[in-house]
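Asks: mmCIF, N, CA and C atoms, saved as model.cif, coming up:
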```
data_my_file
loop_
_atom_site.label_atom_id
_atom_site.label_comp_id
_atom_site.auth_asym_id
_atom_site.auth_seq_id
_atom_site.Cartn_x
_atom_site.Cartn_y
_atom_site.Cartn_z
N MET A 1 8.94 -41.73 42.28
CA MET A 1 7.87 -42.65 42.66
C MET A 1 6.63 -42.33 41.83
N SER A 2 5.54 -42.89 42.23
CA SER A 2 4.29 -42.66 41.52
C SER A 2 3.13 -43.11 42.38
N ILE A 3 2.00 -43.29 41.75
CA ILE A 3 0.79 -43.76 42.42
C ILE A 3 0.41 -45.08 41.78
N LYS A 4 0.02 -46.03 42.62
CA LYS A 4 -0.30 -47.37 42.11
C LYS A 4 -1.72 -47.75 42.47
N LEU A 5 -2.32 -48.55 41.60
CA LEU A 5 -3.63 -49.16 41.85
C LEU A 5 -3.44 -50.65 42.05
N THR A 6 -4.16 -51.22 43.01
CA THR A 6 -4.19 -52.67 43.11
C THR A 6 -5.08 -53.19 41.98
N LYS A 7 -5.03 -54.48 41.75
CA LYS A 7 -5.88 -55.07 40.71
C LYS A 7 -7.36 -54.85 41.04
N ALA A 8 -7.72 -54.99 42.32
CA ALA A 8 -9.12 -54.79 42.72
C ALA A 8 -9.57 -53.36 42.42
N ALA A 9 -8.73 -52.37 42.72
CA ALA A 9 -9.07 -50.97 42.44
C ALA A 9 -9.17 -50.74 40.94
N SER A 10 -8.22 -51.27 40.21
CA SER A 10 -8.21 -51.12 38.76
C SER A 10 -9.47 -51.73 38.14
N ASP A 11 -9.83 -52.92 38.57
CA ASP A 11 -11.03 -53.59 38.04
C ASP A 11 -12.28 -52.76 38.31
N GLN A 12 -12.40 -52.19 39.51
CA GLN A 12 -13.59 -51.39 39.85
C GLN A 12 -13.63 -50.10 39.04
N ILE A 13 -12.48 -49.46 38.85
CA ILE A 13 -12.42 -48.23 38.06
C ILE A 13 -12.83 -48.51 36.62
N LYS A 14 -12.32 -49.59 36.05
CA LYS A 14 -12.68 -49.94 34.67
C LYS A 14 -14.17 -50.24 34.56
N LYS A 15 -14.73 -50.94 35.54
CA LYS A 15 -16.17 -51.25 35.55
C LYS A 15 -16.98 -49.96 35.63
N SER A 16 -16.59 -49.05 36.52
CA SER A 16 -17.30 -47.77 36.66
C SER A 16 -17.19 -46.94 35.39
N ALA A 17 -16.03 -46.96 34.76
CA ALA A 17 -15.84 -46.20 33.52
C ALA A 17 -16.76 -46.73 32.42
N LEU A 18 -16.87 -48.04 32.31
CA LEU A 18 -17.77 -48.62 31.30
C LEU A 18 -19.22 -48.24 31.57
N GLU A 19 -19.64 -48.34 32.83
CA GLU A 19 -21.03 -48.02 33.19
C GLU A 19 -21.34 -46.55 32.91
N ALA A 20 -20.35 -45.67 33.07
CA ALA A 20 -20.56 -44.23 32.86
C ALA A 20 -20.24 -43.80 31.43
N LYS A 21 -19.93 -44.78 30.59
CA LYS A 21 -19.53 -44.50 29.20
C LYS A 21 -18.32 -43.57 29.16
N MET A 22 -17.39 -43.81 30.08
CA MET A 22 -16.16 -43.01 30.19
C MET A 22 -14.92 -43.90 30.01
N ASP A 23 -15.11 -45.08 29.37
CA ASP A 23 -13.96 -45.95 29.20
C ASP A 23 -12.90 -45.21 28.37
N ASN A 24 -11.66 -45.53 28.64
CA ASN A 24 -10.49 -44.88 28.03
C ASN A 24 -10.36 -43.41 28.45
N THR A 25 -11.00 -43.03 29.54
CA THR A 25 -10.88 -41.68 30.10
C THR A 25 -9.98 -41.77 31.33
N PRO A 26 -8.98 -40.90 31.45
CA PRO A 26 -8.10 -40.96 32.62
C PRO A 26 -8.86 -40.71 33.92
N LEU A 27 -8.33 -41.28 34.98
CA LEU A 27 -8.87 -41.05 36.32
C LEU A 27 -8.04 -39.96 36.98
N ARG A 28 -8.70 -38.88 37.40
CA ARG A 28 -8.00 -37.81 38.10
C ARG A 28 -8.10 -38.09 39.60
N ILE A 29 -6.96 -37.99 40.27
CA ILE A 29 -6.88 -38.20 41.71
C ILE A 29 -6.43 -36.88 42.33
N ALA A 30 -7.12 -36.45 43.38
CA ALA A 30 -6.79 -35.19 44.04
C ALA A 30 -6.64 -35.42 45.54
N ALA A 31 -5.87 -34.56 46.17
CA ALA A 31 -5.70 -34.63 47.62
C ALA A 31 -5.49 -33.22 48.16
N THR A 32 -6.06 -32.98 49.34
CA THR A 32 -5.83 -31.73 50.05
C THR A 32 -5.56 -32.05 51.51
N ARG A 33 -4.81 -31.18 52.15
CA ARG A 33 -4.51 -31.38 53.57
C ARG A 33 -5.51 -30.58 54.39
N GLY A 34 -6.14 -31.24 55.36
CA GLY A 34 -7.10 -30.58 56.23
C GLY A 34 -6.42 -29.81 57.35
N ALA A 35 -7.20 -29.02 58.07
CA ALA A 35 -6.68 -28.22 59.18
C ALA A 35 -6.06 -29.10 60.27
N ASP A 36 -6.54 -30.33 60.39
CA ASP A 36 -6.02 -31.26 61.41
C ASP A 36 -4.85 -32.09 60.88
N ASP A 37 -4.32 -31.72 59.71
CA ASP A 37 -3.18 -32.37 59.06
C ASP A 37 -3.55 -33.68 58.35
N SER A 38 -4.83 -34.07 58.39
CA SER A 38 -5.25 -35.27 57.67
C SER A 38 -5.32 -34.95 56.18
N ILE A 39 -5.32 -35.99 55.36
CA ILE A 39 -5.39 -35.81 53.92
C ILE A 39 -6.77 -36.27 53.44
N HIS A 40 -7.40 -35.43 52.62
CA HIS A 40 -8.71 -35.74 52.05
C HIS A 40 -8.53 -36.01 50.56
N TYR A 41 -9.23 -37.03 50.06
CA TYR A 41 -9.01 -37.53 48.70
C TYR A 41 -10.24 -37.36 47.83
N GLY A 42 -10.00 -37.27 46.53
CA GLY A 42 -11.07 -37.23 45.55
C GLY A 42 -10.67 -38.01 44.31
N LEU A 43 -11.64 -38.65 43.69
CA LEU A 43 -11.45 -39.42 42.46
C LEU A 43 -12.54 -39.03 41.47
N GLY A 44 -12.18 -38.94 40.20
CA GLY A 44 -13.20 -38.68 39.18
C GLY A 44 -12.59 -38.85 37.80
N PHE A 45 -13.44 -39.16 36.84
CA PHE A 45 -12.95 -39.31 35.48
C PHE A 45 -12.67 -37.93 34.90
N ASP A 46 -11.53 -37.79 34.23
CA ASP A 46 -11.07 -36.51 33.70
C ASP A 46 -11.59 -36.35 32.28
N ASP A 47 -12.36 -35.29 32.04
CA ASP A 47 -12.89 -35.03 30.71
C ASP A 47 -11.76 -34.86 29.70
N VAL A 48 -11.96 -35.33 28.52
CA VAL A 48 -10.96 -35.22 27.46
C VAL A 48 -10.66 -33.74 27.23
N GLY A 49 -9.37 -33.43 27.15
CA GLY A 49 -8.96 -32.06 26.86
C GLY A 49 -8.77 -31.19 28.08
N SER A 50 -9.16 -31.67 29.27
CA SER A 50 -8.94 -30.86 30.46
C SER A 50 -7.56 -31.17 31.02
N GLY A 51 -7.15 -30.40 31.97
CA GLY A 51 -5.88 -30.66 32.60
C GLY A 51 -4.86 -29.60 32.25
N SER A 52 -3.66 -29.83 32.72
CA SER A 52 -2.58 -28.87 32.58
C SER A 52 -1.31 -29.59 32.17
N GLU A 53 -0.42 -28.85 31.55
CA GLU A 53 0.88 -29.43 31.20
C GLU A 53 1.65 -29.85 32.44
N LYS A 54 1.33 -29.25 33.59
CA LYS A 54 2.02 -29.57 34.84
C LYS A 54 1.46 -30.81 35.53
N ASP A 55 0.37 -31.36 35.00
CA ASP A 55 -0.20 -32.58 35.58
C ASP A 55 0.81 -33.71 35.50
N HIS A 56 0.81 -34.55 36.53
CA HIS A 56 1.61 -35.77 36.51
C HIS A 56 0.72 -36.88 35.97
N LYS A 57 1.27 -37.67 35.05
CA LYS A 57 0.49 -38.75 34.43
C LYS A 57 1.20 -40.07 34.67
N PHE A 58 0.41 -41.07 35.04
CA PHE A 58 0.91 -42.41 35.34
C PHE A 58 -0.02 -43.42 34.71
N GLU A 59 0.45 -44.65 34.64
CA GLU A 59 -0.42 -45.76 34.29
C GLU A 59 -0.18 -46.85 35.32
N SER A 60 -1.26 -47.42 35.81
CA SER A 60 -1.16 -48.51 36.77
C SER A 60 -2.26 -49.51 36.46
N ASN A 61 -1.90 -50.76 36.28
CA ASN A 61 -2.87 -51.82 35.98
C ASN A 61 -3.80 -51.41 34.84
N ASN A 62 -3.22 -50.84 33.79
CA ASN A 62 -3.94 -50.45 32.57
C ASN A 62 -4.99 -49.37 32.79
N VAL A 63 -4.79 -48.52 33.80
CA VAL A 63 -5.63 -47.35 34.03
C VAL A 63 -4.72 -46.13 34.00
N GLU A 64 -5.10 -45.14 33.19
CA GLU A 64 -4.33 -43.90 33.13
C GLU A 64 -4.76 -43.01 34.29
N LEU A 65 -3.76 -42.52 35.04
CA LEU A 65 -4.00 -41.67 36.20
C LEU A 65 -3.44 -40.28 35.94
N VAL A 66 -4.15 -39.26 36.42
CA VAL A 66 -3.72 -37.87 36.28
C VAL A 66 -3.79 -37.23 37.67
N VAL A 67 -2.71 -36.52 38.02
CA VAL A 67 -2.64 -35.84 39.32
C VAL A 67 -2.13 -34.42 39.09
N ALA A 68 -2.84 -33.44 39.62
CA ALA A 68 -2.40 -32.06 39.52
C ALA A 68 -1.12 -31.85 40.32
N GLU A 69 -0.32 -30.92 39.88
CA GLU A 69 0.92 -30.58 40.58
C GLU A 69 0.65 -30.30 42.06
N SER A 70 -0.46 -29.61 42.35
CA SER A 70 -0.77 -29.23 43.73
C SER A 70 -1.08 -30.44 44.64
N SER A 71 -1.45 -31.57 44.06
CA SER A 71 -1.75 -32.77 44.85
C SER A 71 -0.61 -33.78 44.86
N PHE A 72 0.34 -33.63 43.96
CA PHE A 72 1.33 -34.68 43.75
C PHE A 72 2.13 -35.01 45.01
N ASP A 73 2.65 -34.01 45.70
CA ASP A 73 3.47 -34.29 46.89
C ASP A 73 2.69 -35.02 47.97
N LEU A 74 1.39 -34.76 48.06
CA LEU A 74 0.57 -35.45 49.06
C LEU A 74 0.29 -36.90 48.67
N LEU A 75 0.34 -37.20 47.36
CA LEU A 75 -0.04 -38.53 46.88
C LEU A 75 1.13 -39.42 46.47
N ASP A 76 2.30 -38.85 46.30
CA ASP A 76 3.44 -39.63 45.79
C ASP A 76 3.70 -40.83 46.70
N GLY A 77 3.74 -42.01 46.11
CA GLY A 77 3.98 -43.25 46.85
C GLY A 77 2.72 -43.94 47.34
N THR A 78 1.56 -43.39 47.02
CA THR A 78 0.29 -43.94 47.48
C THR A 78 -0.12 -45.15 46.65
N THR A 79 -0.71 -46.13 47.32
CA THR A 79 -1.36 -47.27 46.67
C THR A 79 -2.85 -47.16 46.96
N ILE A 80 -3.66 -47.27 45.91
CA ILE A 80 -5.12 -47.22 46.07
C ILE A 80 -5.66 -48.63 45.91
N ASP A 81 -6.47 -49.05 46.88
CA ASP A 81 -7.06 -50.39 46.87
C ASP A 81 -8.57 -50.25 46.94
N PHE A 82 -9.27 -51.32 46.61
CA PHE A 82 -10.73 -51.38 46.69
C PHE A 82 -11.05 -52.58 47.54
N VAL A 83 -11.54 -52.34 48.77
CA VAL A 83 -11.67 -53.42 49.74
C VAL A 83 -13.06 -53.44 50.37
N GLU A 84 -13.40 -54.60 50.91
CA GLU A 84 -14.65 -54.77 51.64
C GLU A 84 -14.38 -54.45 53.10
N LEU A 85 -14.84 -53.28 53.57
CA LEU A 85 -14.59 -52.87 54.95
C LEU A 85 -15.60 -53.49 55.91
N GLU A 86 -16.82 -53.65 55.44
CA GLU A 86 -17.88 -54.33 56.18
C GLU A 86 -18.59 -55.24 55.18
N PRO A 87 -19.32 -56.23 55.63
CA PRO A 87 -19.99 -57.13 54.68
C PRO A 87 -20.76 -56.36 53.61
N LYS A 88 -20.40 -56.62 52.35
CA LYS A 88 -21.03 -56.03 51.17
C LYS A 88 -20.87 -54.51 51.08
N GLN A 89 -19.90 -53.96 51.80
CA GLN A 89 -19.61 -52.52 51.77
C GLN A 89 -18.18 -52.33 51.27
N PHE A 90 -18.04 -52.06 49.98
CA PHE A 90 -16.73 -51.90 49.36
C PHE A 90 -16.38 -50.42 49.24
N HIS A 91 -15.12 -50.09 49.46
CA HIS A 91 -14.66 -48.70 49.40
C HIS A 91 -13.25 -48.63 48.84
N PHE A 92 -12.93 -47.51 48.22
CA PHE A 92 -11.54 -47.24 47.86
C PHE A 92 -10.82 -46.80 49.11
N VAL A 93 -9.62 -47.32 49.32
CA VAL A 93 -8.78 -46.90 50.44
C VAL A 93 -7.45 -46.44 49.89
N PHE A 94 -6.89 -45.43 50.53
CA PHE A 94 -5.62 -44.84 50.11
C PHE A 94 -4.57 -45.22 51.13
N LEU A 95 -3.62 -46.03 50.71
CA LEU A 95 -2.50 -46.42 51.55
C LEU A 95 -1.37 -45.43 51.25
N ASN A 96 -1.33 -44.37 52.06
CA ASN A 96 -0.50 -43.22 51.74
C ASN A 96 0.54 -42.97 52.83
N PRO A 97 1.82 -43.21 52.53
CA PRO A 97 2.87 -42.98 53.52
C PRO A 97 3.04 -41.50 53.88
N ASN A 98 2.45 -40.59 53.12
CA ASN A 98 2.53 -39.15 53.42
C ASN A 98 1.48 -38.70 54.43
N ASP A 99 0.52 -39.57 54.73
CA ASP A 99 -0.56 -39.24 55.66
C ASP A 99 -0.09 -39.54 57.09
N PRO A 100 -0.18 -38.56 58.00
CA PRO A 100 0.29 -38.80 59.37
C PRO A 100 -0.49 -39.90 60.09
N ASN A 101 -1.68 -40.22 59.61
CA ASN A 101 -2.48 -41.29 60.24
C ASN A 101 -2.25 -42.66 59.61
N TYR A 102 -1.35 -42.74 58.63
CA TYR A 102 -1.10 -43.99 57.91
C TYR A 102 -0.27 -44.95 58.75
N SER A 103 -0.65 -46.20 58.73
CA SER A 103 0.21 -47.25 59.27
C SER A 103 0.18 -48.38 58.25
N PRO A 104 1.35 -48.90 57.89
CA PRO A 104 1.40 -49.95 56.87
C PRO A 104 0.57 -51.16 57.25
N PRO A 105 -0.07 -51.79 56.26
CA PRO A 105 -0.85 -53.00 56.56
C PRO A 105 0.08 -54.12 57.01
N THR A 106 -0.45 -54.95 57.88
CA THR A 106 0.33 -56.10 58.36
C THR A 106 -0.34 -57.37 57.92
N GLU A 107 0.47 -58.38 57.67
CA GLU A 107 -0.07 -59.68 57.29
C GLU A 107 -0.54 -60.39 58.54
N GLU A 108 -1.71 -61.03 58.44
CA GLU A 108 -2.23 -61.78 59.60
C GLU A 108 -1.91 -63.23 59.46
#
```
Reformat the file's structure so that it appears as structure tokens.
Replies:
Amino acid sequence: MSIKLTKAASDQIKKSALEAKMDNTPLRIAATRGADDSIHYGLGFDDVGSGSEKDHKFESNNVELVVAESSFDLLDGTTIDFVELEPKQFHFVFLNPNDPNYSPPTEE
């Protein structure tokens, strides 16, 4: 499996990369498990030349993604979306089947 970005997430990442002058820079995704078994996430542009041979690399919607070996099992199968949770309040959300609090989205 791998990690996927929706088009909305991909578009926002590309926009942020351009604004930060980090276009064509991979996006590093990290995850850690909390004491309560929840999963905590982090996103950031990966500086050129950093990383490890053990990193997992993917491409989704024309964005290069990098995940450390230590985060991969927590993130495998995750879809990242960028949604409006409240009026004019957009956030990245992680649809992660490995998270005990995850429930698949339903169509209304």
Asks: For Ile39 (chain A), list every protein, DNA or RNA residue within 8 Å, evaluated using only N, CA and C atoms, and leave out those in the same chain fewer than 5 positions away; present the list as a list in words.
Replies: Ala30, Ala31, Thr32, Arg33, Gly34, Leu74, Asn98, Asp99, Pro100 and Asn101 of chain A
Asks: Can you list what the PyMOL selection byres ((chain A and resi 61) around 6) grabs from this structure, as a PyMOL selection string?
Replies: chain A and resi 5+10+59-60+62-63
Asks: From (-10.4, -35.4, 36.5), in the file's coordinates, out to 8 Å: which residues are reached, counting all atoms listed in the file? Answer as a PyMOL selection string.
Replies: chain A and resi 26-30+43-47+50-51+66-67
Asks: Find the distance between CA of Lys21 (chain A) and CA of Leu95 (chain A) and write it in Å to one decimal.
Replies: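 Between these atoms lies a distance of 28.2 Å.
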Asks: How many Å lie between atom N of Val83 (chain A) and atom C of Ala9 (chain A), rounded to one decimal?
Replies: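 So the answer is 8.3 Å.
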Asks: What separation in Å, quoted to one decimal, exists between atom C of Ala8 (chain A) and CA of Phe82 (chain A)?
Replies: 4.8 Å
Asks: Just so the selection is clear, what residues does the PyMOL selection byres (((chain A and resi 79 and name CA) around 8) and name CA) cover here, as an mmCIF file with N, CA and C atoms, keeping the file's coordinate frame?
Replies:
```
data_model
loop_
_atom_site.group_PDB
_atom_site.id
_atom_site.type_symbol
_atom_site.label_atom_id
_atom_site.label_comp_id
_atom_site.auth_asym_id
_atom_site.auth_seq_id
_atom_site.Cartn_x
_atom_site.Cartn_y
_atom_site.Cartn_z
ATOM 1 N N ILE A 3 2.000 -43.290 41.750
ATOM 2 C CA ILE A 3 0.790 -43.760 42.420
ATOM 3 C C ILE A 3 0.410 -45.080 41.780
ATOM 4 N N LYS A 4 0.020 -46.030 42.620
ATOM 5 C CA LYS A 4 -0.300 -47.370 42.110
ATOM 6 C C LYS A 4 -1.720 -47.750 42.470
ATOM 7 N N LEU A 5 -2.320 -48.550 41.600
ATOM 8 C CA LEU A 5 -3.630 -49.160 41.850
ATOM 9 C C LEU A 5 -3.440 -50.650 42.050
ATOM 10 N N THR A 6 -4.160 -51.220 43.010
ATOM 11 C CA THR A 6 -4.190 -52.670 43.110
ATOM 12 C C THR A 6 -5.080 -53.190 41.980
ATOM 13 N N GLY A 77 3.740 -42.010 46.110
ATOM 14 C CA GLY A 77 3.980 -43.250 46.850
ATOM 15 C C GLY A 77 2.720 -43.940 47.340
ATOM 16 N N THR A 78 1.560 -43.390 47.020
ATOM 17 C CA THR A 78 0.290 -43.940 47.480
ATOM 18 C C THR A 78 -0.120 -45.150 46.650
ATOM 19 N N ILE A 80 -3.660 -47.270 45.910
ATOM 20 C CA ILE A 80 -5.120 -47.220 46.070
ATOM 21 C C ILE A 80 -5.660 -48.630 45.910
ATOM 22 N N ASP A 81 -6.470 -49.050 46.880
ATOM 23 C CA ASP A 81 -7.060 -50.390 46.870
ATOM 24 C C ASP A 81 -8.570 -50.250 46.940
ATOM 25 N N PHE A 94 -6.890 -45.430 50.530
ATOM 26 C CA PHE A 94 -5.620 -44.840 50.110
ATOM 27 C C PHE A 94 -4.570 -45.220 51.130
ATOM 28 N N LEU A 95 -3.620 -46.030 50.710
ATOM 29 C CA LEU A 95 -2.500 -46.420 51.550
ATOM 30 C C LEU A 95 -1.370 -45.430 51.250
ATOM 31 N N ASN A 96 -1.330 -44.370 52.060
ATOM 32 C CA ASN A 96 -0.500 -43.220 51.740
ATOM 33 C C ASN A 96 0.540 -42.970 52.830
#
```
Asks: Which one of A:Asp76, A:Glu53, A:Glu64, A:Asp23 sits closest to Ser2 (chain A) if you count only C-alpha atoms?
Replies: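 Ranked by minimum distance to Ser2 (chain A), first place goes to A:Asp76.
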Asks: Could you tell me, as a PyMOL selection string, which residues of chain A DSSP assigns to strand (DSSP E) when given the backbone?
Replies: chain A and resi 4-5+27-33+39-45+56-60+63-67+79-86+89-95
Asks: Please produce region 3-23 of chain A, completed to N, CA, C and O atoms, as a CSV table (one decimal), in the frame of the given file.
Replies:
```csv
chain,number,residue,atom,x,y,z
A,3,ILE,N,2.0,-43.3,41.8
A,3,ILE,CA,0.8,-43.8,42.4
A,3,ILE,C,0.4,-45.1,41.8
A,3,ILE,O,0.5,-45.2,40.6
A,4,LYS,N,0.0,-46.0,42.6
A,4,LYS,CA,-0.3,-47.4,42.1
A,4,LYS,C,-1.7,-47.8,42.5
A,4,LYS,O,-2.2,-47.4,43.5
A,5,LEU,N,-2.3,-48.6,41.6
A,5,LEU,CA,-3.6,-49.2,41.8
A,5,LEU,C,-3.4,-50.6,42.0
A,5,LEU,O,-2.7,-51.3,41.3
A,6,THR,N,-4.2,-51.2,43.0
A,6,THR,CA,-4.2,-52.7,43.1
A,6,THR,C,-5.1,-53.2,42.0
A,6,THR,O,-5.8,-52.4,41.4
A,7,LYS,N,-5.0,-54.5,41.8
A,7,LYS,CA,-5.9,-55.1,40.7
A,7,LYS,C,-7.4,-54.8,41.0
A,7,LYS,O,-8.1,-54.5,40.2
A,8,ALA,N,-7.7,-55.0,42.3
A,8,ALA,CA,-9.1,-54.8,42.7
A,8,ALA,C,-9.6,-53.4,42.4
A,8,ALA,O,-10.7,-53.1,41.9
A,9,ALA,N,-8.7,-52.4,42.7
A,9,ALA,CA,-9.1,-51.0,42.4
A,9,ALA,C,-9.2,-50.7,40.9
A,9,ALA,O,-10.1,-50.1,40.5
A,10,SER,N,-8.2,-51.3,40.2
A,10,SER,CA,-8.2,-51.1,38.8
A,10,SER,C,-9.5,-51.7,38.1
A,10,SER,O,-10.1,-51.1,37.3
A,11,ASP,N,-9.8,-52.9,38.6
A,11,ASP,CA,-11.0,-53.6,38.0
A,11,ASP,C,-12.3,-52.8,38.3
A,11,ASP,O,-13.1,-52.6,37.4
A,12,GLN,N,-12.4,-52.2,39.5
A,12,GLN,CA,-13.6,-51.4,39.8
A,12,GLN,C,-13.6,-50.1,39.0
A,12,GLN,O,-14.7,-49.7,38.6
A,13,ILE,N,-12.5,-49.5,38.8
A,13,ILE,CA,-12.4,-48.2,38.1
A,13,ILE,C,-12.8,-48.5,36.6
A,13,ILE,O,-13.6,-47.8,36.0
A,14,LYS,N,-12.3,-49.6,36.0
A,14,LYS,CA,-12.7,-49.9,34.7
A,14,LYS,C,-14.2,-50.2,34.6
A,14,LYS,O,-14.8,-49.8,33.6
A,15,LYS,N,-14.7,-50.9,35.5
A,15,LYS,CA,-16.2,-51.2,35.6
A,15,LYS,C,-17.0,-50.0,35.6
A,15,LYS,O,-17.9,-49.8,34.9
A,16,SER,N,-16.6,-49.0,36.5
A,16,SER,CA,-17.3,-47.8,36.7
A,16,SER,C,-17.2,-46.9,35.4
A,16,SER,O,-18.2,-46.3,35.0
A,17,ALA,N,-16.0,-47.0,34.8
A,17,ALA,CA,-15.8,-46.2,33.5
A,17,ALA,C,-16.8,-46.7,32.4
A,17,ALA,O,-17.4,-45.9,31.7
A,18,LEU,N,-16.9,-48.0,32.3
A,18,LEU,CA,-17.8,-48.6,31.3
A,18,LEU,C,-19.2,-48.2,31.6
A,18,LEU,O,-20.0,-47.9,30.7
A,19,GLU,N,-19.6,-48.3,32.8
A,19,GLU,CA,-21.0,-48.0,33.2
A,19,GLU,C,-21.3,-46.6,32.9
A,19,GLU,O,-22.5,-46.2,32.6
A,20,ALA,N,-20.4,-45.7,33.1
A,20,ALA,CA,-20.6,-44.2,32.9
A,20,ALA,C,-20.2,-43.8,31.4
A,20,ALA,O,-20.2,-42.6,31.1
A,21,LYS,N,-19.9,-44.8,30.6
A,21,LYS,CA,-19.5,-44.5,29.2
A,21,LYS,C,-18.3,-43.6,29.2
A,21,LYS,O,-18.3,-42.6,28.3
A,22,MET,N,-17.4,-43.8,30.1
A,22,MET,CA,-16.2,-43.0,30.2
A,22,MET,C,-14.9,-43.9,30.0
A,22,MET,O,-13.8,-43.5,30.5
A,23,ASP,N,-15.1,-45.1,29.4
A,23,ASP,CA,-14.0,-46.0,29.2
A,23,ASP,C,-12.9,-45.2,28.4
A,23,ASP,O,-13.2,-44.4,27.6
```
